[in-house]
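Structure record follows, encoded as structure tokens.
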Amino acid sequence: MRKIIRTAILFFSLFFIGLMTDVLSHPAWGIVVDAKGQIYFSDLETIYKIDSQGKLSIFRAGVSGRHVHDLSIDAGGNIYGWENVYEPQTEKHLRAFWKMSPKGEYTEIVSLTENPPLGTSIWRDSDGNTYSVEPWNNEKKETKIIKRTTDGKTSVFAGGKYGYLDGQKEKAEFNVITDMAFGKDNTIYLTNDDKVRKIDRFGMVTTIYRNETTNQKQNNPEPFSRLYGLDVDKENNVVAADFANNRLLKISSDGKISTFLKSEKDWSPIGVATFGDEVYVLEVRPYTASIHTGNRVLKISSTGKSTVIANLENRNKSVENPKLNSVNFLPQTKEEKNLVANANINSVKATDSPLAFYGIVGAVSVAFFALIVLFRKK
């Protein structure tokens, strides 16, 4: 009898941990700002836009199951994204790359494929070179950063074996790289699990921050201690989303580390973009990042004042009841509703709320205990 109980508890624990890990490993952290101060951000599948007047609209309707985790923007205001698709039947990891013009014109750069051209990426420096992380199939054998020049030449810029080690070019080791940004002289800054690392133009890799105060939920450091989005401001300070500790981290150009923002209760920063003296933060609900309760966007002014300028939780509710619109939004248009409906995304479903999520987990646990009772009676 005790063996049955232990087996049931173990099964349930693994089931719950698996769900939570999946929830945390598939958020969207992409947020960018154009020269006009217009903000674009991902809600995993849909790309939203906040114009200079504060109006929120759908910039690009997504496709169900095709996740857009990150975004980038060029000097012309073009938005770049990549889509990630996992096929459980074939165990294939597929990617596609696209561009959206400021007018909303869509261009497919690379169609959905398991093997995009080496070095193809949305991460590009000021000279137009792109940097990709290879391989992208989560085998955890090696992690290399591939540089692709504007004339198509590719080379290993840094990285080799999967792991953690600072050093020159191929001697350096990386594990999970989440985001990448560029500072002065095209110096690369990236989030690497619980670390922020720097790669100079000669390929020397150094760690400039490692998370020592993570609010750990289990022994495995990922994804619970992971840093997600980051950006570099005009003063060459790095700001990074410390999801696990509910804060926005700032690493000054002289190496000083501080907390730039402490998120409100039940919110955590996941993405960040700088614009002049302003900082824009993409936040999600902690531990429910892949459940579409909706992201929100904060604006931090030059004086340090934080203001919520968009909240998709309110917008998603407004699909069901327009009276629930936040003051941050104009009423949702019929065209936008059709885009959401046709893409089968961002509508409020029974399994899309944290309450329903934990309700399902609770129901599973009740079922297990019911089985235990039946076994005892027999």
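Simple scheme: letters A, B, ... for chains in structure tokens order, numbers from 1 for residues in each chain, numbers from 1 for ligands in the order shown.
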Surrounding residues of Met204 of chain A excluding itself and chain neighbours under 3 positions, 9 Å, only C-alpha atoms, as a PDB file with N, CA and C atoms, in the first residue's frame:
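Written output follows (part-v1.pdb):
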ATOM      1  N   ALA A 158      32.333  32.918 -31.247  1.00  0.00           N
ATOM      2  CA  ALA A 158      32.676  32.516 -29.882  1.00  0.00           C
ATOM      3  C   ALA A 158      31.912  31.247 -29.531  1.00  0.00           C
ATOM      4  N   ASP A 166      34.510  31.322 -19.298  1.00  0.00           N
ATOM      5  CA  ASP A 166      34.957  32.518 -20.001  1.00  0.00           C
ATOM      6  C   ASP A 166      36.246  32.210 -20.752  1.00  0.00           C
ATOM      7  N   GLY A 167      36.528  33.016 -21.776  1.00  0.00           N
ATOM      8  CA  GLY A 167      37.749  32.798 -22.526  1.00  0.00           C
ATOM      9  C   GLY A 167      37.666  33.374 -23.921  1.00  0.00           C
ATOM     10  N   GLN A 168      38.715  33.137 -24.693  1.00  0.00           N
ATOM     11  CA  GLN A 168      38.826  33.679 -26.040  1.00  0.00           C
ATOM     12  C   GLN A 168      38.140  32.779 -27.061  1.00  0.00           C
ATOM     13  N   LYS A 169      37.217  33.322 -27.803  1.00  0.00           N
ATOM     14  CA  LYS A 169      36.555  32.688 -28.932  1.00  0.00           C
ATOM     15  C   LYS A 169      36.099  31.255 -28.640  1.00  0.00           C
ATOM     16  N   ALA A 172      35.723  29.603 -25.053  1.00  0.00           N
ATOM     17  CA  ALA A 172      34.607  29.953 -24.173  1.00  0.00           C
ATOM     18  C   ALA A 172      33.493  28.916 -24.295  1.00  0.00           C
ATOM     19  N   LYS A 198      29.597  39.228 -21.749  1.00  0.00           N
ATOM     20  CA  LYS A 198      30.038  40.232 -22.719  1.00  0.00           C
ATOM     21  C   LYS A 198      31.043  39.596 -23.672  1.00  0.00           C
ATOM     22  N   ILE A 199      30.899  39.920 -24.961  1.00  0.00           N
ATOM     23  CA  ILE A 199      31.862  39.454 -25.964  1.00  0.00           C
ATOM     24  C   ILE A 199      32.383  40.680 -26.705  1.00  0.00           C
ATOM     25  N   ASP A 200      33.667  40.970 -26.587  1.00  0.00           N
ATOM     26  CA  ASP A 200      34.202  42.129 -27.295  1.00  0.00           C
ATOM     27  C   ASP A 200      34.404  41.801 -28.774  1.00  0.00           C
ATOM     28  N   ARG A 201      34.826  42.777 -29.544  1.00  0.00           N
ATOM     29  CA  ARG A 201      34.908  42.587 -30.994  1.00  0.00           C
ATOM     30  C   ARG A 201      36.001  41.609 -31.409  1.00  0.00           C
TER      31      ARG A 201
END
Any chance you could list, as a compact mmCIF listing (two decimals) with N, CA and C atoms, in the first residue's frame, the residues in segment 35-258 of chain A that come up strand (DSSP E or B) when DSSP is run on the backbone?
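Output contents, as saved in out_28.txt:
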# COMPACT_ATOMS: atom_id res chain seq x y z
N ILE A 39 6.08 51.38 -29.72
CA ILE A 39 6.54 50.16 -29.07
C ILE A 39 5.90 48.94 -29.74
N TYR A 40 6.70 47.92 -29.94
CA TYR A 40 6.23 46.65 -30.50
C TYR A 40 6.64 45.54 -29.53
N PHE A 41 5.72 44.63 -29.25
CA PHE A 41 6.06 43.55 -28.33
C PHE A 41 5.31 42.28 -28.68
N SER A 42 5.88 41.16 -28.26
CA SER A 42 5.30 39.85 -28.55
C SER A 42 4.51 39.33 -27.36
N LEU A 44 3.83 36.08 -27.40
CA LEU A 44 4.18 34.71 -27.80
C LEU A 44 3.82 34.40 -29.24
N ILE A 47 1.98 39.89 -32.38
CA ILE A 47 2.83 41.06 -32.17
C ILE A 47 1.91 42.27 -32.04
N TYR A 48 2.06 43.01 -30.96
CA TYR A 48 1.25 44.20 -30.69
C TYR A 48 2.07 45.47 -30.90
N LYS A 49 1.34 46.55 -31.14
CA LYS A 49 1.96 47.87 -31.32
C LYS A 49 1.27 48.89 -30.43
N ILE A 50 2.08 49.72 -29.77
CA ILE A 50 1.56 50.88 -29.04
C ILE A 50 2.07 52.11 -29.77
N LEU A 56 -3.24 50.92 -28.51
CA LEU A 56 -2.77 49.55 -28.68
C LEU A 56 -3.50 48.88 -29.83
N SER A 57 -2.75 48.20 -30.70
CA SER A 57 -3.37 47.49 -31.82
C SER A 57 -2.55 46.26 -32.15
N ILE A 58 -3.15 45.36 -32.92
CA ILE A 58 -2.42 44.18 -33.39
C ILE A 58 -1.59 44.58 -34.61
N PHE A 59 -0.28 44.38 -34.52
CA PHE A 59 0.61 44.70 -35.62
C PHE A 59 0.75 43.51 -36.56
N ARG A 60 0.81 42.33 -36.00
CA ARG A 60 0.89 41.11 -36.79
C ARG A 60 0.17 39.98 -36.05
N HIS A 67 5.72 30.11 -32.14
CA HIS A 67 6.06 31.02 -31.06
C HIS A 67 7.11 32.05 -31.49
N VAL A 68 6.81 33.31 -31.25
CA VAL A 68 7.74 34.40 -31.51
C VAL A 68 8.24 34.89 -30.16
N LEU A 71 12.20 39.80 -30.61
CA LEU A 71 12.07 40.73 -31.73
C LEU A 71 13.33 41.58 -31.82
N SER A 72 13.56 42.15 -33.00
CA SER A 72 14.61 43.16 -33.15
C SER A 72 14.12 44.22 -34.13
N ILE A 73 14.82 45.33 -34.20
CA ILE A 73 14.42 46.44 -35.07
C ILE A 73 15.67 47.04 -35.69
N ILE A 79 10.69 45.61 -38.31
CA ILE A 79 10.66 44.69 -37.18
C ILE A 79 11.00 43.29 -37.68
N TYR A 80 11.90 42.61 -36.97
CA TYR A 80 12.30 41.26 -37.33
C TYR A 80 11.89 40.29 -36.21
N GLY A 81 11.43 39.12 -36.62
CA GLY A 81 11.07 38.10 -35.64
C GLY A 81 11.41 36.73 -36.17
N TRP A 82 11.60 35.80 -35.26
CA TRP A 82 11.73 34.41 -35.70
C TRP A 82 10.68 33.59 -34.98
N GLU A 83 10.19 32.59 -35.70
CA GLU A 83 9.17 31.70 -35.15
C GLU A 83 9.80 30.36 -34.83
N ASN A 84 9.43 29.83 -33.67
CA ASN A 84 9.92 28.52 -33.24
C ASN A 84 8.76 27.54 -33.18
N VAL A 85 8.96 26.39 -33.78
CA VAL A 85 7.93 25.35 -33.79
C VAL A 85 8.58 24.03 -33.40
N TYR A 86 7.95 23.31 -32.49
CA TYR A 86 8.42 21.98 -32.15
C TYR A 86 7.37 20.96 -32.57
N GLU A 87 7.81 19.95 -33.35
CA GLU A 87 6.91 18.89 -33.78
C GLU A 87 7.16 17.65 -32.92
N LYS A 92 11.29 17.38 -34.17
CA LYS A 92 12.04 18.38 -34.92
C LYS A 92 11.80 19.78 -34.34
N HIS A 93 12.87 20.59 -34.34
CA HIS A 93 12.78 21.99 -33.96
C HIS A 93 12.88 22.81 -35.25
N LEU A 94 11.81 23.51 -35.59
CA LEU A 94 11.76 24.26 -36.84
C LEU A 94 11.80 25.76 -36.55
N ARG A 95 12.36 26.51 -37.50
CA ARG A 95 12.43 27.97 -37.36
C ARG A 95 12.05 28.65 -38.67
N ALA A 96 11.51 29.85 -38.53
CA ALA A 96 11.22 30.71 -39.68
C ALA A 96 11.58 32.13 -39.30
N PHE A 97 12.00 32.93 -40.28
CA PHE A 97 12.39 34.31 -40.03
C PHE A 97 11.58 35.24 -40.94
N TRP A 98 11.13 36.38 -40.38
CA TRP A 98 10.32 37.31 -41.16
C TRP A 98 10.66 38.76 -40.80
N LYS A 99 10.17 39.65 -41.67
CA LYS A 99 10.35 41.10 -41.46
C LYS A 99 9.01 41.78 -41.68
N MET A 100 8.71 42.77 -40.84
CA MET A 100 7.53 43.60 -41.02
C MET A 100 7.98 45.05 -41.17
N TYR A 106 4.51 42.47 -44.75
CA TYR A 106 5.18 41.25 -44.29
C TYR A 106 6.09 40.69 -45.37
N THR A 107 7.32 40.32 -44.97
CA THR A 107 8.27 39.66 -45.87
C THR A 107 8.82 38.43 -45.17
N GLU A 108 8.70 37.28 -45.81
CA GLU A 108 9.28 36.05 -45.27
C GLU A 108 10.73 35.95 -45.70
N ILE A 109 11.64 35.97 -44.74
CA ILE A 109 13.06 35.90 -45.04
C ILE A 109 13.50 34.45 -45.22
N VAL A 110 13.10 33.59 -44.29
CA VAL A 110 13.38 32.16 -44.37
C VAL A 110 12.11 31.41 -44.00
N SER A 111 11.66 30.53 -44.88
CA SER A 111 10.46 29.73 -44.59
C SER A 111 10.75 28.73 -43.48
N LEU A 112 9.69 28.20 -42.89
CA LEU A 112 9.82 27.26 -41.78
C LEU A 112 10.67 26.07 -42.20
N THR A 113 11.76 25.85 -41.46
CA THR A 113 12.70 24.80 -41.83
C THR A 113 13.46 24.32 -40.59
N ARG A 124 21.40 41.61 -35.02
CA ARG A 124 22.37 42.19 -35.95
C ARG A 124 23.04 43.40 -35.33
N THR A 130 24.93 39.50 -38.72
CA THR A 130 23.99 38.81 -37.84
C THR A 130 24.71 37.72 -37.05
N TYR A 131 24.13 37.39 -35.89
CA TYR A 131 24.74 36.41 -34.99
C TYR A 131 23.68 35.42 -34.56
N SER A 132 23.94 34.15 -34.80
CA SER A 132 22.99 33.11 -34.42
C SER A 132 23.62 32.18 -33.40
N VAL A 133 22.76 31.50 -32.65
CA VAL A 133 23.21 30.50 -31.69
C VAL A 133 22.96 29.13 -32.29
N GLU A 134 24.00 28.34 -32.41
CA GLU A 134 23.90 27.01 -33.01
C GLU A 134 24.49 25.95 -32.08
N GLU A 142 26.91 21.34 -27.46
CA GLU A 142 27.75 22.49 -27.76
C GLU A 142 26.87 23.72 -27.99
N THR A 143 27.44 24.88 -27.79
CA THR A 143 26.74 26.14 -28.07
C THR A 143 27.74 27.08 -28.72
N LYS A 144 27.49 27.42 -29.97
CA LYS A 144 28.38 28.30 -30.72
C LYS A 144 27.61 29.52 -31.21
N ILE A 145 28.28 30.66 -31.17
CA ILE A 145 27.72 31.88 -31.75
C ILE A 145 28.35 32.05 -33.12
N ILE A 146 27.51 31.99 -34.14
CA ILE A 146 27.97 32.08 -35.53
C ILE A 146 27.74 33.50 -36.06
N LYS A 147 28.77 34.08 -36.61
CA LYS A 147 28.67 35.41 -37.22
C LYS A 147 28.50 35.27 -38.72
N ARG A 148 27.54 35.99 -39.26
CA ARG A 148 27.30 36.00 -40.71
C ARG A 148 27.44 37.43 -41.20
N THR A 154 30.43 33.12 -43.14
CA THR A 154 30.13 32.71 -41.76
C THR A 154 31.39 32.22 -41.05
N SER A 155 31.41 32.41 -39.73
CA SER A 155 32.52 31.95 -38.92
C SER A 155 32.05 31.81 -37.48
N VAL A 156 32.77 31.00 -36.70
CA VAL A 156 32.46 30.87 -35.27
C VAL A 156 33.04 32.09 -34.57
N PHE A 157 32.17 32.91 -34.01
CA PHE A 157 32.63 34.13 -33.34
C PHE A 157 33.05 33.83 -31.90
N ALA A 158 32.33 32.92 -31.25
CA ALA A 158 32.68 32.52 -29.88
C ALA A 158 31.91 31.25 -29.53
N GLY A 159 32.45 30.49 -28.59
CA GLY A 159 31.75 29.32 -28.09
C GLY A 159 32.24 28.01 -28.67
N GLY A 160 31.96 26.96 -27.93
CA GLY A 160 32.34 25.61 -28.34
C GLY A 160 31.52 24.60 -27.59
N LYS A 161 32.12 23.97 -26.59
CA LYS A 161 31.41 22.97 -25.80
C LYS A 161 30.29 23.62 -24.99
N TYR A 162 29.25 22.82 -24.74
CA TYR A 162 28.15 23.28 -23.90
C TYR A 162 28.62 23.33 -22.45
N LEU A 165 32.18 28.76 -19.29
CA LEU A 165 33.60 29.07 -19.16
C LEU A 165 33.89 30.34 -19.95
N GLY A 167 36.53 33.02 -21.78
CA GLY A 167 37.75 32.80 -22.53
C GLY A 167 37.67 33.37 -23.92
N GLN A 168 38.72 33.14 -24.69
CA GLN A 168 38.83 33.68 -26.04
C GLN A 168 38.14 32.78 -27.06
N GLU A 173 32.72 28.78 -23.23
CA GLU A 173 31.60 27.84 -23.23
C GLU A 173 30.32 28.56 -22.81
N PHE A 174 29.22 28.18 -23.46
CA PHE A 174 27.91 28.74 -23.15
C PHE A 174 26.92 27.60 -22.95
N ILE A 177 21.50 30.42 -24.23
CA ILE A 177 21.53 31.85 -24.53
C ILE A 177 20.12 32.30 -24.87
N THR A 178 19.64 33.31 -24.15
CA THR A 178 18.26 33.75 -24.32
C THR A 178 18.14 34.97 -25.21
N ASP A 179 18.92 36.01 -24.92
CA ASP A 179 18.78 37.26 -25.67
C ASP A 179 20.16 37.85 -25.92
N MET A 180 20.21 38.77 -26.89
CA MET A 180 21.46 39.38 -27.30
C MET A 180 21.21 40.84 -27.65
N ALA A 181 22.14 41.72 -27.24
CA ALA A 181 22.05 43.14 -27.56
C ALA A 181 23.45 43.66 -27.83
N PHE A 182 23.53 44.85 -28.46
CA PHE A 182 24.82 45.37 -28.89
C PHE A 182 25.07 46.75 -28.29
N ILE A 188 29.02 42.67 -27.85
CA ILE A 188 27.81 41.87 -27.64
C ILE A 188 27.59 41.66 -26.15
N TYR A 189 26.34 41.85 -25.72
CA TYR A 189 25.92 41.50 -24.37
C TYR A 189 24.81 40.47 -24.50
N LEU A 190 24.85 39.45 -23.68
CA LEU A 190 23.83 38.41 -23.80
C LEU A 190 23.45 37.84 -22.44
N THR A 191 22.21 37.36 -22.37
CA THR A 191 21.77 36.65 -21.18
C THR A 191 21.98 35.16 -21.41
N ASN A 192 22.64 34.53 -20.45
CA ASN A 192 23.05 33.13 -20.57
C ASN A 192 22.67 32.42 -19.28
N LYS A 195 23.25 34.38 -16.01
CA LYS A 195 24.40 35.26 -16.17
C LYS A 195 24.18 36.29 -17.27
N VAL A 196 24.87 37.43 -17.14
CA VAL A 196 25.02 38.38 -18.25
C VAL A 196 26.47 38.33 -18.66
N ARG A 197 26.70 38.09 -19.96
CA ARG A 197 28.07 37.94 -20.44
C ARG A 197 28.34 38.92 -21.59
N LYS A 198 29.60 39.23 -21.75
CA LYS A 198 30.04 40.23 -22.72
C LYS A 198 31.04 39.60 -23.67
N ILE A 199 30.90 39.92 -24.96
CA ILE A 199 31.86 39.45 -25.96
C ILE A 199 32.38 40.68 -26.71
N MET A 204 36.59 37.89 -27.13
CA MET A 204 36.88 37.57 -25.73
C MET A 204 35.58 37.60 -24.93
N VAL A 205 35.29 36.49 -24.24
CA VAL A 205 34.05 36.35 -23.47
C VAL A 205 34.34 36.53 -21.99
N THR A 206 33.59 37.42 -21.34
CA THR A 206 33.71 37.62 -19.90
C THR A 206 32.31 37.68 -19.28
N THR A 207 32.21 37.27 -18.04
CA THR A 207 30.95 37.34 -17.30
C THR A 207 30.93 38.63 -16.50
N ILE A 208 29.90 39.45 -16.71
CA ILE A 208 29.82 40.72 -15.99
C ILE A 208 28.79 40.67 -14.87
N TYR A 209 27.98 39.62 -14.84
CA TYR A 209 27.02 39.44 -13.73
C TYR A 209 26.62 37.98 -13.67
N ARG A 210 26.53 37.47 -12.44
CA ARG A 210 25.98 36.14 -12.22
C ARG A 210 25.00 36.21 -11.06
N LEU A 227 17.75 34.69 -16.60
CA LEU A 227 17.57 36.06 -17.05
C LEU A 227 17.06 35.99 -18.48
N TYR A 228 16.13 36.85 -18.82
CA TYR A 228 15.55 36.80 -20.16
C TYR A 228 16.03 37.98 -21.02
N GLY A 229 15.16 38.92 -21.35
CA GLY A 229 15.54 39.98 -22.26
C GLY A 229 16.53 40.97 -21.66
N LEU A 230 17.31 41.60 -22.55
CA LEU A 230 18.21 42.67 -22.12
C LEU A 230 18.38 43.69 -23.23
N ASP A 231 18.88 44.88 -22.86
CA ASP A 231 19.16 45.92 -23.84
C ASP A 231 20.30 46.78 -23.31
N VAL A 232 20.86 47.60 -24.20
CA VAL A 232 21.95 48.51 -23.83
C VAL A 232 21.50 49.93 -24.12
N VAL A 238 23.83 48.27 -19.25
CA VAL A 238 23.04 47.09 -19.61
C VAL A 238 21.87 46.97 -18.64
N VAL A 239 20.67 46.78 -19.18
CA VAL A 239 19.50 46.50 -18.35
C VAL A 239 18.99 45.11 -18.74
N ALA A 240 18.72 44.28 -17.74
CA ALA A 240 18.34 42.89 -18.00
C ALA A 240 17.17 42.50 -17.11
N ALA A 241 16.28 41.68 -17.67
CA ALA A 241 15.09 41.22 -16.96
C ALA A 241 15.44 40.02 -16.08
N ASP A 242 15.48 40.25 -14.78
CA ASP A 242 15.74 39.19 -13.80
C ASP A 242 14.40 38.61 -13.38
N ARG A 247 12.67 41.60 -10.78
CA ARG A 247 13.32 42.91 -10.85
C ARG A 247 13.98 43.13 -12.20
N LEU A 248 14.24 44.40 -12.48
CA LEU A 248 15.02 44.79 -13.65
C LEU A 248 16.41 45.15 -13.15
N LEU A 249 17.38 44.47 -13.69
CA LEU A 249 18.76 44.62 -13.25
C LEU A 249 19.47 45.66 -14.11
N LYS A 250 20.30 46.49 -13.50
CA LYS A 250 21.10 47.45 -14.25
C LYS A 250 22.58 47.23 -13.95
N ILE A 251 23.36 47.10 -15.03
CA ILE A 251 24.81 46.97 -14.91
C ILE A 251 25.41 48.18 -15.61
N ILE A 257 26.43 47.21 -10.15
CA ILE A 257 25.18 46.47 -10.31
C ILE A 257 24.13 47.02 -9.35
N SER A 258 22.92 47.25 -9.86
CA SER A 258 21.84 47.78 -9.03
C SER A 258 20.50 47.26 -9.53
Would you compute the distance between atom CA of Leu261 of chain A and atom CA of Thr274 of chain A? Give it in Å to one decimal. 13.6 Å
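Here the helix (DSSP H, G or I) residues in segment 50-287 of chain A, by DSSP on the backbone, are Lys169, Glu170, Lys171, Lys184, Asp185 and Asn186 of chain A.
Distance check against Ala35 of chain A using only C-alpha atoms: of A:Ser64, A:Asn245, A:Asn78, A:Ser121, the minimum falls on A:Asn78.
Checking A:Gly76, A:Pro135, A:Gly30, A:Gly271 one by one against Pro116 of chain A, counting only C-alpha atoms, you find the shortest gap at A:Pro135.
Across A:Gly163, A:Thr149, A:Trp29, A:Ser253, the tightest approach to Ser268 of chain A is made by A:Trp29 when counting only C-alpha atoms.
Ranking A:Leu282, A:Asp233, A:Gly77, A:Gly203 by their shortest atom-to-atom distance to Glu105 of chain A, with only C-alpha atoms included, puts A:Gly77 first.
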